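Next comes final_36.cif, a file with mmCIF, C-alpha atoms.
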```cif
data_entry
loop_
_atom_site.label_atom_id
_atom_site.label_comp_id
_atom_site.auth_asym_id
_atom_site.auth_seq_id
_atom_site.Cartn_x
_atom_site.Cartn_y
_atom_site.Cartn_z
CA MET R 191 0.00 0.00 0.00
CA MET R 192 1.24 3.49 -0.91
CA VAL R 193 0.67 6.27 1.64
CA ILE R 194 1.62 9.94 1.76
CA ARG R 195 2.72 11.24 5.16
CA PRO R 196 4.84 14.08 6.61
CA ILE R 197 8.55 13.38 6.58
CA GLU R 198 10.03 12.11 9.85
CA ALA R 199 13.51 12.19 11.34
CA LYS R 200 14.01 8.53 10.46
CA ASP R 201 13.64 9.37 6.75
CA GLY R 202 16.93 11.28 6.54
CA ASP R 203 18.87 8.48 4.89
CA ALA R 204 16.10 7.83 2.37
CA LEU R 205 16.00 11.54 1.51
CA ALA R 206 19.75 11.50 0.90
CA GLU R 207 19.44 8.46 -1.36
CA LEU R 208 16.76 10.15 -3.47
CA ALA R 209 18.93 13.26 -3.75
CA LYS R 210 21.65 11.18 -5.40
CA ILE R 211 19.42 10.31 -8.37
CA THR R 212 17.46 13.52 -9.00
CA GLY R 213 19.89 14.75 -11.66
CA PRO R 214 20.97 18.21 -12.91
CA GLY R 215 18.39 20.98 -12.70
CA PHE R 216 16.55 19.58 -9.68
CA THR R 217 17.41 22.59 -7.54
CA SER R 218 15.19 21.83 -4.55
CA LEU R 219 16.90 18.52 -3.73
CA GLN R 220 20.62 18.57 -4.42
CA ASP R 221 23.07 15.84 -3.41
CA ASN R 222 24.53 17.99 -0.65
CA PRO R 223 24.49 16.70 2.96
CA ASP R 224 24.23 20.19 4.48
CA VAL R 225 21.30 21.14 2.24
CA ILE R 226 19.55 17.83 2.91
CA ASN R 227 19.96 18.10 6.68
CA ASP R 228 18.74 21.69 6.66
CA LYS R 229 15.71 20.77 4.55
CA LEU R 230 14.86 17.90 6.87
CA ALA R 231 15.16 20.06 9.99
CA THR R 232 13.06 22.82 8.43
CA ALA R 233 10.32 20.37 7.47
CA LEU R 234 10.26 18.66 10.86
CA SER R 235 9.84 22.05 12.50
CA ALA R 236 6.98 23.00 10.17
CA PHE R 237 4.86 20.03 11.24
CA LEU R 238 5.24 20.68 14.96
CA LYS R 239 2.72 23.51 14.96
CA PRO R 240 0.71 25.24 12.20
CA LYS R 241 2.29 28.55 11.22
CA LYS R 242 -0.29 30.93 9.81
CA ASP R 243 2.07 33.60 8.52
CA GLY R 244 5.44 33.43 6.83
CA GLU R 245 7.59 30.66 5.48
CA ALA R 246 7.17 26.96 6.22
CA LEU R 247 8.26 23.88 4.29
CA TYR R 248 5.74 21.04 4.34
CA LEU R 249 7.72 18.05 3.05
CA PHE R 250 5.95 14.73 2.48
CA VAL R 251 7.16 11.25 1.61
CA LEU R 252 5.45 8.53 -0.38
CA GLU R 253 5.89 5.33 1.61
CA ASP R 254 5.48 1.81 0.34
CA VAL R 255 4.03 0.53 3.60
CA THR R 256 4.31 -3.11 2.58
CA GLU R 257 8.01 -2.86 1.74
CA GLN R 258 8.71 -0.13 4.32
CA LYS R 259 10.47 1.90 1.64
CA ILE R 260 10.38 5.59 0.73
CA ALA R 261 9.35 5.79 -2.91
CA GLY R 262 9.20 9.55 -3.45
CA ILE R 263 8.91 13.03 -1.99
CA CYS R 264 6.88 16.18 -2.56
CA ALA R 265 6.56 19.50 -0.77
CA ILE R 266 4.72 22.77 -0.40
CA GLU R 267 6.44 26.04 0.46
CA ALA R 268 3.93 28.19 2.34
CA ALA R 269 5.47 31.43 1.04
CA VAL R 270 8.49 32.03 -1.19
CA GLY R 271 10.86 34.96 -1.32
CA LEU R 272 10.37 36.32 2.19
CA SER R 273 13.77 35.57 3.70
CA GLU R 274 15.62 34.78 0.46
CA PRO R 275 14.92 36.45 -2.90
CA TRP R 276 12.80 34.54 -5.40
CA TYR R 277 14.10 35.20 -8.90
CA ASN R 278 12.73 34.40 -12.33
CA TYR R 279 12.51 35.95 -15.76
CA ARG R 280 9.29 37.56 -16.94
CA LEU R 281 8.66 37.16 -20.65
CA GLY R 282 7.57 40.36 -22.32
CA THR R 283 7.32 42.13 -25.65
CA LEU R 284 8.90 45.35 -26.87
CA VAL R 285 7.78 46.81 -30.19
CA HIS R 286 10.16 48.76 -32.44
CA ALA R 287 8.26 50.47 -35.22
CA SER R 288 8.73 53.20 -37.80
CA LYS R 289 5.99 54.27 -40.20
CA GLU R 290 8.49 56.16 -42.28
CA LEU R 291 10.64 53.05 -42.82
CA ASP R 292 7.65 50.70 -42.84
CA VAL R 293 9.20 48.65 -40.03
CA TYR R 294 7.32 46.88 -37.27
CA ASN R 295 9.22 44.44 -35.06
CA ALA R 296 7.76 42.83 -31.94
CA MET R 297 10.70 41.56 -29.88
CA GLN R 298 10.45 39.01 -27.08
CA THR R 299 12.25 40.09 -23.91
CA LEU R 300 13.38 38.71 -20.56
CA THR R 301 13.27 40.85 -17.43
CA MET R 302 14.50 39.84 -13.97
CA SER R 303 11.53 39.58 -11.63
CA ASN R 304 10.52 38.96 -8.01
CA ASP R 305 6.82 39.05 -8.90
CA HIS R 306 5.96 35.79 -7.11
CA THR R 307 7.22 36.88 -3.71
CA GLY R 308 4.79 35.64 -1.05
CA TYR R 309 3.15 33.02 -3.28
CA SER R 310 2.86 29.41 -2.11
CA GLU R 311 4.83 26.89 -4.16
CA LEU R 312 4.44 23.25 -5.10
CA CYS R 313 7.98 21.91 -5.15
CA THR R 314 10.45 19.04 -4.61
CA LEU R 315 8.40 16.44 -6.48
CA PHE R 316 10.45 13.33 -7.20
CA LEU R 317 9.33 9.74 -7.66
CA HIS R 318 11.84 6.90 -7.62
CA PRO R 319 12.08 5.30 -11.10
CA ASP R 320 11.07 1.91 -9.68
CA TYR R 321 7.69 3.34 -8.65
CA ARG R 322 6.73 5.21 -11.81
CA HIS R 323 3.60 3.13 -12.42
CA SER R 324 0.14 2.43 -10.99
CA LYS R 325 -0.72 6.15 -10.72
CA ASN R 326 1.85 6.66 -7.95
CA GLY R 327 2.90 9.95 -9.54
CA HIS R 328 -0.69 11.21 -9.37
CA LEU R 329 -0.90 10.33 -5.69
CA LEU R 330 2.44 11.97 -4.94
CA SER R 331 1.59 15.22 -6.70
CA LYS R 332 -2.11 15.64 -5.95
CA SER R 333 -1.97 14.68 -2.28
CA ARG R 334 -0.64 18.21 -1.69
CA PHE R 335 -3.92 19.66 -2.92
CA LEU R 336 -5.86 17.82 -0.21
CA PHE R 337 -3.46 19.17 2.42
CA ILE R 338 -3.99 22.70 1.08
CA ALA R 339 -7.76 22.15 1.00
CA GLU R 340 -7.69 21.02 4.63
CA PHE R 341 -5.50 23.89 5.86
CA PRO R 342 -6.07 26.80 3.45
CA HIS R 343 -5.23 29.40 6.11
CA LEU R 344 -1.60 28.26 6.00
CA PHE R 345 -1.15 29.19 2.34
CA ASP R 346 -1.38 32.13 -0.03
CA GLN R 347 -4.30 32.26 -2.44
CA ARG R 348 -1.80 32.18 -5.29
CA LEU R 349 0.11 29.02 -6.10
CA VAL R 350 3.12 28.43 -8.37
CA ALA R 351 5.10 25.41 -9.50
CA GLU R 352 8.48 25.63 -11.24
CA MET R 353 9.04 22.99 -13.91
CA ARG R 354 12.55 21.74 -14.63
CA GLY R 355 13.73 23.25 -17.91
CA TYR R 356 14.99 21.43 -20.96
CA SER R 357 18.48 19.94 -20.96
CA ASP R 358 20.01 17.36 -23.27
CA LYS R 359 21.02 13.77 -22.49
CA ASP R 360 24.33 15.02 -21.11
CA GLY R 361 22.60 17.41 -18.68
CA ILE R 362 23.57 20.52 -20.67
CA SER R 363 21.04 23.36 -20.70
CA PRO R 364 20.98 25.28 -24.02
CA PHE R 365 19.56 28.33 -22.27
CA TRP R 366 22.38 28.36 -19.74
CA GLU R 367 24.96 27.91 -22.48
CA GLY R 368 23.45 30.81 -24.44
CA LEU R 369 23.04 33.23 -21.54
CA GLY R 370 23.91 32.32 -17.97
CA LYS R 371 27.44 31.03 -18.39
CA HIS R 372 28.56 34.35 -19.90
CA PHE R 373 27.82 36.09 -16.59
CA PHE R 374 28.73 33.36 -14.11
CA SER R 375 31.73 31.68 -15.80
CA ILE R 376 30.73 28.35 -14.27
CA ASP R 377 28.84 25.37 -15.65
CA PHE R 378 25.11 24.83 -15.28
CA THR R 379 25.34 22.06 -12.69
CA THR R 380 27.61 24.12 -10.43
CA ALA R 381 25.38 27.19 -10.67
CA ASP R 382 22.28 25.12 -9.95
CA LYS R 383 23.85 23.49 -6.89
CA THR R 384 25.11 26.84 -5.60
CA SER R 385 21.66 28.39 -5.90
CA SER R 386 20.26 25.75 -3.54
CA VAL R 387 22.63 27.04 -0.84
CA ASP R 388 22.96 30.76 -1.50
CA LYS R 389 20.90 32.83 -3.94
CA ALA R 390 22.70 36.13 -3.31
CA PHE R 391 25.17 35.49 -6.13
CA ILE R 392 22.28 35.54 -8.62
CA ALA R 393 21.54 39.19 -7.97
CA GLU R 394 25.24 40.01 -7.90
CA LEU R 395 26.07 38.50 -11.29
CA MET R 396 22.95 38.39 -13.46
CA PRO R 397 22.25 41.31 -15.83
CA LYS R 398 19.87 43.86 -14.32
CA HIS R 399 18.50 45.20 -17.60
CA THR R 400 15.91 43.78 -19.97
CA LEU R 401 17.35 41.25 -22.42
CA TYR R 402 16.32 40.81 -26.06
CA CYS R 403 15.74 37.13 -26.81
CA GLU R 404 16.72 37.68 -30.44
CA LEU R 405 20.29 38.25 -29.28
CA LEU R 406 20.48 34.72 -27.85
CA PRO R 407 21.51 31.66 -29.87
CA LYS R 408 18.65 29.83 -31.55
CA SER R 409 19.03 26.81 -29.24
CA ALA R 410 18.68 29.05 -26.19
CA ARG R 411 15.58 30.79 -27.60
CA GLU R 412 13.95 27.48 -28.41
CA ALA R 413 14.50 26.25 -24.83
CA ILE R 414 12.56 29.15 -23.25
CA GLY R 415 9.45 27.76 -21.56
CA GLN R 416 10.28 24.17 -22.49
CA THR R 417 10.11 21.37 -19.93
CA HIS R 418 12.66 18.64 -19.21
CA ASP R 419 11.57 15.33 -20.74
CA ASN R 420 11.35 13.69 -17.31
CA THR R 421 9.16 16.52 -16.03
CA VAL R 422 6.63 16.61 -18.89
CA PRO R 423 4.23 14.15 -17.16
CA ALA R 424 4.27 16.27 -13.97
CA ARG R 425 3.52 19.39 -15.99
CA LYS R 426 0.60 17.79 -17.81
CA LEU R 427 -0.80 16.54 -14.53
CA LEU R 428 -0.76 20.02 -12.99
CA GLU R 429 -2.22 21.60 -16.12
CA ARG R 430 -5.13 19.17 -16.02
CA GLU R 431 -5.75 20.34 -12.46
CA GLY R 432 -5.97 23.97 -13.59
CA MET R 433 -2.44 25.39 -13.44
CA ARG R 434 -1.18 27.41 -16.41
CA PHE R 435 2.04 28.87 -17.78
CA GLY R 436 1.91 32.57 -16.96
CA GLY R 437 4.94 33.86 -18.83
CA TYR R 438 7.63 33.37 -16.18
CA VAL R 439 10.68 31.11 -16.60
CA ASP R 440 13.62 29.97 -14.50
CA ILE R 441 16.73 32.13 -14.76
CA PHE R 442 19.06 29.15 -15.19
CA ASP R 443 17.32 26.71 -17.56
CA ALA R 444 14.25 28.77 -18.66
CA GLY R 445 11.85 26.10 -17.41
CA PRO R 446 8.24 27.35 -17.19
CA THR R 447 6.51 28.42 -13.98
CA LEU R 448 2.88 27.28 -13.72
CA GLU R 449 0.41 29.39 -11.76
CA ALA R 450 -3.13 29.22 -10.39
CA ASN R 451 -5.41 30.55 -7.71
CA ILE R 452 -5.83 27.74 -5.18
CA ASN R 453 -9.62 28.01 -5.45
CA ASP R 454 -9.35 27.20 -9.15
CA ILE R 455 -7.52 23.90 -8.60
CA ARG R 456 -9.86 21.03 -9.46
CA ALA R 457 -8.72 18.69 -6.68
CA ILE R 458 -9.12 21.45 -4.09
CA LYS R 459 -12.49 22.85 -5.08
CA ASP R 460 -14.06 19.43 -5.79
CA SER R 461 -12.85 17.73 -2.60
CA HIS R 462 -15.39 17.16 0.17
CA TYR R 463 -15.94 15.42 3.50
CA VAL R 464 -17.52 12.02 4.06
CA LYS R 465 -17.78 9.63 6.99
CA VAL R 466 -15.92 6.33 7.01
CA ILE R 467 -17.53 2.91 7.23
CA ILE R 468 -14.90 0.21 7.69
CA ASP R 469 -15.41 -3.20 6.11
CA GLN R 470 -13.57 -5.48 8.53
CA ASN R 471 -13.94 -8.45 6.19
CA SER R 472 -11.99 -6.99 3.28
CA SER R 473 -8.34 -6.14 2.75
CA GLU R 474 -6.32 -4.12 0.28
CA SER R 475 -6.32 -5.35 -3.29
CA ARG R 476 -3.63 -4.38 -5.79
CA ILE R 477 -4.57 -1.45 -8.00
CA THR R 478 -4.72 -2.40 -11.67
CA SER R 479 -5.41 -0.46 -14.86
CA ARG R 480 -9.04 -1.55 -14.66
CA ASP R 481 -9.39 0.50 -11.46
CA TYR R 482 -7.97 3.76 -12.81
CA ASP R 483 -11.32 5.32 -13.68
CA ASN R 484 -12.67 4.69 -10.19
CA LEU R 485 -9.74 5.84 -8.06
CA TYR R 486 -10.14 8.47 -5.36
CA LEU R 487 -7.73 10.37 -3.18
CA ILE R 488 -8.60 9.89 0.48
CA SER R 489 -7.00 11.86 3.32
CA ASN R 490 -7.54 12.25 7.01
CA THR R 491 -8.01 15.68 8.57
CA GLU R 492 -4.92 15.68 10.79
CA PHE R 493 -2.08 18.20 10.55
CA GLY R 494 1.07 16.64 11.98
CA HIS R 495 -0.26 13.13 11.30
CA PHE R 496 -1.65 13.84 7.83
CA ARG R 497 -2.13 10.75 5.70
CA CYS R 498 -3.32 10.40 2.11
CA ALA R 499 -3.82 7.33 -0.06
CA MET R 500 -5.73 6.36 -3.18
CA SER R 501 -8.27 3.62 -3.53
CA THR R 502 -11.39 2.58 -5.33
CA ILE R 503 -14.49 3.37 -3.31
CA GLU R 504 -17.36 0.93 -2.96
CA ASN R 505 -20.82 1.76 -1.67
CA ALA R 506 -20.11 5.49 -1.80
CA SER R 507 -22.84 8.00 -0.98
CA ASN R 508 -22.84 11.74 -0.53
CA GLN R 509 -22.33 11.25 3.21
CA SER R 510 -20.19 8.12 3.64
CA ILE R 511 -17.76 5.69 2.02
CA THR R 512 -16.84 2.10 2.76
CA ILE R 513 -13.13 1.30 2.91
CA GLN R 514 -10.99 -1.71 3.78
CA ALA R 515 -9.68 -2.18 7.30
CA ASP R 516 -6.00 -1.95 6.30
CA LEU R 517 -6.61 1.29 4.41
CA ALA R 518 -8.33 2.73 7.48
CA GLN R 519 -5.34 1.74 9.58
CA ALA R 520 -2.92 3.36 7.11
CA LEU R 521 -4.94 6.58 7.19
CA GLY R 522 -5.26 6.49 10.98
CA VAL R 523 -9.06 6.62 10.94
CA SER R 524 -11.78 4.59 12.62
CA ASP R 525 -15.45 3.85 12.04
CA GLY R 526 -17.31 7.15 11.78
CA SER R 527 -14.19 9.28 11.21
CA THR R 528 -14.37 12.19 8.78
CA VAL R 529 -12.11 12.04 5.70
CA ARG R 530 -11.66 14.26 2.66
CA ILE R 531 -12.05 12.67 -0.78
CA VAL R 532 -11.82 13.70 -4.41
CA PRO R 533 -11.69 11.73 -7.68
CA LEU R 534 -8.08 11.12 -8.68
CA THR R 535 -8.64 12.49 -12.18
CA ALA R 536 -10.78 15.29 -13.52
CA HIS R 537 -12.96 13.12 -15.78
CA LYS R 538 -14.26 11.09 -12.85
CA ARG R 539 -17.36 12.54 -11.18
#
```
Rewritten as structure tokens:
Amino acid sequence: MMVIRPIEAKDGDALAELAKITGPGFTSLQDNPDVINDKLATALSAFLKPKKDGEALYLFVLEDVTEQKIAGICAIEAAVGLSEPWYNYRLGTLVHASKELDVYNAMQTLTMSNDHTGYSELCTLFLHPDYRHSKNGHLLSKSRFLFIAEFPHLFDQRLVAEMRGYSDKDGISPFWEGLGKHFFSIDFTTADKTSSVDKAFIAELMPKHTLYCELLPKSAREAIGQTHDNTVPARKLLEREGMRFGGYVDIFDAGPTLEANINDIRAIKDSHYVKVIIDQNSSESRITSRDYDNLYLISNTEFGHFRCAMSTIENASNQSITIQADLAQALGVSDGSTVRIVPLTAHKR
């Protein structure tokens, strides 16, 4: 059984192991012991007591309960850019025109921005390659929406998600090669790792003025707003939930930033409460492709002991659902408990 829960101190080694395989461009989980330990400590602190204002990192793990193995991680930053600057490029247009010369040129531009300061962020989504099946990626990503729905006062009304930008099979970013390296004089991987520790160097070295995209190499221009091949499924998933590219890209690899109002997210606005009826005579059955159209996300209503899983639901009504005894145990609920549910995918009503 796969269950989402808050990260615990015992998960430190598993977090470090996942960091070793995330790859270049995965800024929020670098293979750096100091960064990993700091992230773990920050997340453990966040789940001790709800913090209504300011920054907090809610970091979750996807646990294979049967195998007692951590299969993935995901997180929500309550507010970005408050203690450290949040940088990206805003795509714009400048028009150069002359009636006398019969010239009209609309030029795409990039301007350094801190426009998303204070927004909440979906981040640090990584699923171990061995578990990229059976809708585990959907559970990992969308479980965060049920946590937001349960505790909306902890988050901003505006939500963003940075997508990893395009890089080739050797981990080389065309956008970085065409722009960033000329100002930093270091390679993409080094710059990306450094930004996870200290973002001050970005403001110190990046150009402060608006850039004309036409002055960049063609490969760099074509990479603007493009998503890393491994991240395309995650982007499509979020777009189906209501998030959209709003014209902002990462300053290193030009990956797109998706945005939405939290009240416009399908899994948030369509989720609702039901009571639990536990069938003591049934146990978990393996999810197969035949079940995909009838899968639901189910979460308890706890903060520090939040749990979320996915399952088919039998004998569902508007007021109650029947679930297996082992699923109830994994969620930490009993007969008559209140849970939050939502169809796993948008087409299921």
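Atom CA of R:Leu406 is found 19.2 Å from atom CA of R:Ser303.
Shortest separation to R:Leu238 among R:Met192, R:Ala413, R:Ile197, R:Leu291 occurs at residue R:Ile197, atoms counted being all atoms listed in the file.
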Carefully work through the PyMOL selection byres ((chain R and resi 534) around 9) for this structure and note down the residues it includes, as a list in words.
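Selected by the PyMOL selection byres ((chain R and resi 534) around 9) in this file: His328, Leu329, Lys332, Ala457, Tyr482, Asp483, Asn484, Leu485, Tyr486, Leu487, Met500, Ile531, Val532, Pro533, Thr535, Ala536, His537 and Lys538 of chain R.
What the PyMOL selection byres ((chain R and resi 356) around 6) picks from this file is Gly355, Ser357, Gln416, Thr417 and His418 of chain R.
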Between R:Asn453, R:Gln298, R:Ser489, R:Asn222, which has the minimum distance to R:Ser333 (counting only C-alpha atoms)?
R:Ser489
Take the PyMOL selection byres ((chain R and resi 300) around 8), run it mentally on this structure, and tell me the resulting residues as a PDB file with C-alpha atoms, in the coordinates of the input.
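part-v6.pdb, freshly written:
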```
ATOM      1  CA  TYR R 279      12.510  35.950 -15.760  1.00  0.00           C
ATOM      2  CA  ARG R 280       9.290  37.560 -16.940  1.00  0.00           C
ATOM      3  CA  LEU R 281       8.660  37.160 -20.650  1.00  0.00           C
ATOM      4  CA  GLY R 282       7.570  40.360 -22.320  1.00  0.00           C
ATOM      5  CA  GLN R 298      10.450  39.010 -27.080  1.00  0.00           C
ATOM      6  CA  THR R 299      12.250  40.090 -23.910  1.00  0.00           C
ATOM      7  CA  THR R 301      13.270  40.850 -17.430  1.00  0.00           C
ATOM      8  CA  MET R 302      14.500  39.840 -13.970  1.00  0.00           C
ATOM      9  CA  THR R 400      15.910  43.780 -19.970  1.00  0.00           C
ATOM     10  CA  LEU R 401      17.350  41.250 -22.420  1.00  0.00           C
ATOM     11  CA  TYR R 402      16.320  40.810 -26.060  1.00  0.00           C
ATOM     12  CA  CYS R 403      15.740  37.130 -26.810  1.00  0.00           C
TER      13      CYS R 403
END
```
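Here atom CA of R:Asp443 and atom CA of R:Leu315 stand 17.5 Å from one another.
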Spatial neighbours of R:Val350, max dist 7 Å, only C-alpha atoms, sep filter under 2 positions, as number ranges by chain:
R: 309-312, 348, 352, 447-450
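Distance annotation: of R:Tyr438, R:Phe496, R:Phe250, R:Phe216, the residue with the minimal separation from R:Thr380 is R:Phe216; atom set is all atoms listed in the file.
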Interatomic distance, atom CA of R:Val464 to atom CA of R:Ala424 (Å, one decimal):
28.6 Å
R:Lys229, R:Ala287, R:Asp221, R:Pro196 ranked by distance to R:Ile260, top pick (using all atoms listed in the file):
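Among R:Lys229, R:Ala287, R:Asp221, R:Pro196, it is R:Pro196 that comes nearest to R:Ile260.
Closest to R:Glu198 among R:Ile513, R:Ala233, R:Ala246, R:Ala499 is R:Ala233, based on all atoms listed in the file.
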Find the spatial neighbours of R:Leu208, counting only C-alpha atoms, within a cut-off of 10 Å - ignore same-chain residues fewer than 2 positions away - and output them as number ranges by chain.
R: 203-206, 210-213, 219-221, 260-263, 316-318
Neighbouring residues of R:Lys371 were defined as those with any atom within 12 Å, considering only C-alpha atoms; residues of the same chain fewer than 4 positions away were excluded. Please report them as a PyMOL selection string.
chain R and resi 362-367+375-382+392+395-397+410+441-443
Out of R:Asn304, R:Gln258, R:Asn278, R:Thr512, which residue has the shortest atom-to-atom distance to R:Val439 when counting all atoms listed in the file?
R:Asn278
Write out as a ChimeraX atom specification which residues come within 9 Å of R:Glu340 when counting only C-alpha atoms, dropping same-chain ones fewer than 5 positions away.
/R:335,458,491-493,530
Please write out, as AutoDock Vina command-line options, where the centre of an axis-aligned box around all listed atoms of stretch 275-285 of chain R lies and how long its edges are, in Å to one decimal, after adding 4 Å on each side.
```
--center_x 11.1 --center_y 40.6 --center_z -16.5 --size_x 15.6 --size_y 20.4 --size_z 35.3
```
Near R:Val422, counting all atoms listed in the file, which residues have an atom at most 9 Å away, once you skip same-chain residues fewer than 5 positions from it, shown as number ranges by chain?
R: 353-354, 417, 427
Please, can stretch 258-278 of chain R be completed to N, CA and C atoms and returned as a tab-separated table (two decimals), in the coordinates of the input?
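And here's out_11.tsv as it stands now:
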```
chain	number	residue	atom	x	y	z
R	258	GLN	N	8.07	-1.07	3.40
R	258	GLN	CA	8.71	-0.13	4.32
R	258	GLN	C	9.84	0.62	3.62
R	259	LYS	N	9.50	1.20	2.46
R	259	LYS	CA	10.47	1.90	1.64
R	259	LYS	C	9.92	3.25	1.21
R	260	ILE	N	10.77	4.26	1.21
R	260	ILE	CA	10.38	5.59	0.73
R	260	ILE	C	10.51	5.62	-0.79
R	261	ALA	N	9.39	5.87	-1.45
R	261	ALA	CA	9.35	5.79	-2.91
R	261	ALA	C	9.39	7.16	-3.59
R	262	GLY	N	9.19	8.23	-2.84
R	262	GLY	CA	9.20	9.55	-3.45
R	262	GLY	C	8.97	10.65	-2.42
R	263	ILE	N	9.12	11.88	-2.85
R	263	ILE	CA	8.91	13.03	-1.99
R	263	ILE	C	8.16	14.12	-2.75
R	264	CYS	N	7.51	14.99	-2.00
R	264	CYS	CA	6.88	16.18	-2.56
R	264	CYS	C	6.76	17.21	-1.45
R	265	ALA	N	6.58	18.46	-1.80
R	265	ALA	CA	6.56	19.50	-0.77
R	265	ALA	C	5.70	20.68	-1.20
R	266	ILE	N	5.38	21.49	-0.19
R	266	ILE	CA	4.72	22.77	-0.40
R	266	ILE	C	5.47	23.81	0.42
R	267	GLU	N	5.91	24.88	-0.24
R	267	GLU	CA	6.44	26.04	0.46
R	267	GLU	C	5.27	26.98	0.73
R	268	ALA	N	5.07	27.34	1.99
R	268	ALA	CA	3.93	28.19	2.34
R	268	ALA	C	4.04	29.57	1.71
R	269	ALA	N	5.26	30.11	1.64
R	269	ALA	CA	5.47	31.43	1.04
R	269	ALA	C	6.92	31.53	0.59
R	270	VAL	N	7.13	31.93	-0.65
R	270	VAL	CA	8.49	32.03	-1.19
R	270	VAL	C	8.95	33.47	-1.21
R	271	GLY	N	10.27	33.64	-1.12
R	271	GLY	CA	10.86	34.96	-1.32
R	271	GLY	C	10.83	35.89	-0.14
R	272	LEU	N	10.47	35.42	1.05
R	272	LEU	CA	10.37	36.32	2.19
R	272	LEU	C	11.70	36.51	2.90
R	273	SER	N	12.47	35.45	3.06
R	273	SER	CA	13.77	35.57	3.70
R	273	SER	C	14.91	35.49	2.70
R	274	GLU	N	14.67	34.84	1.55
R	274	GLU	CA	15.62	34.78	0.46
R	274	GLU	C	14.92	35.22	-0.82
R	275	PRO	N	15.58	35.95	-1.68
R	275	PRO	CA	14.92	36.45	-2.90
R	275	PRO	C	14.48	35.31	-3.81
R	276	TRP	N	13.36	35.51	-4.46
R	276	TRP	CA	12.80	34.54	-5.40
R	276	TRP	C	12.91	35.15	-6.79
R	277	TYR	N	13.82	34.63	-7.59
R	277	TYR	CA	14.10	35.20	-8.90
R	277	TYR	C	13.49	34.36	-10.02
R	278	ASN	N	13.02	35.05	-11.05
R	278	ASN	CA	12.73	34.40	-12.33
R	278	ASN	C	12.76	35.47	-13.42
```
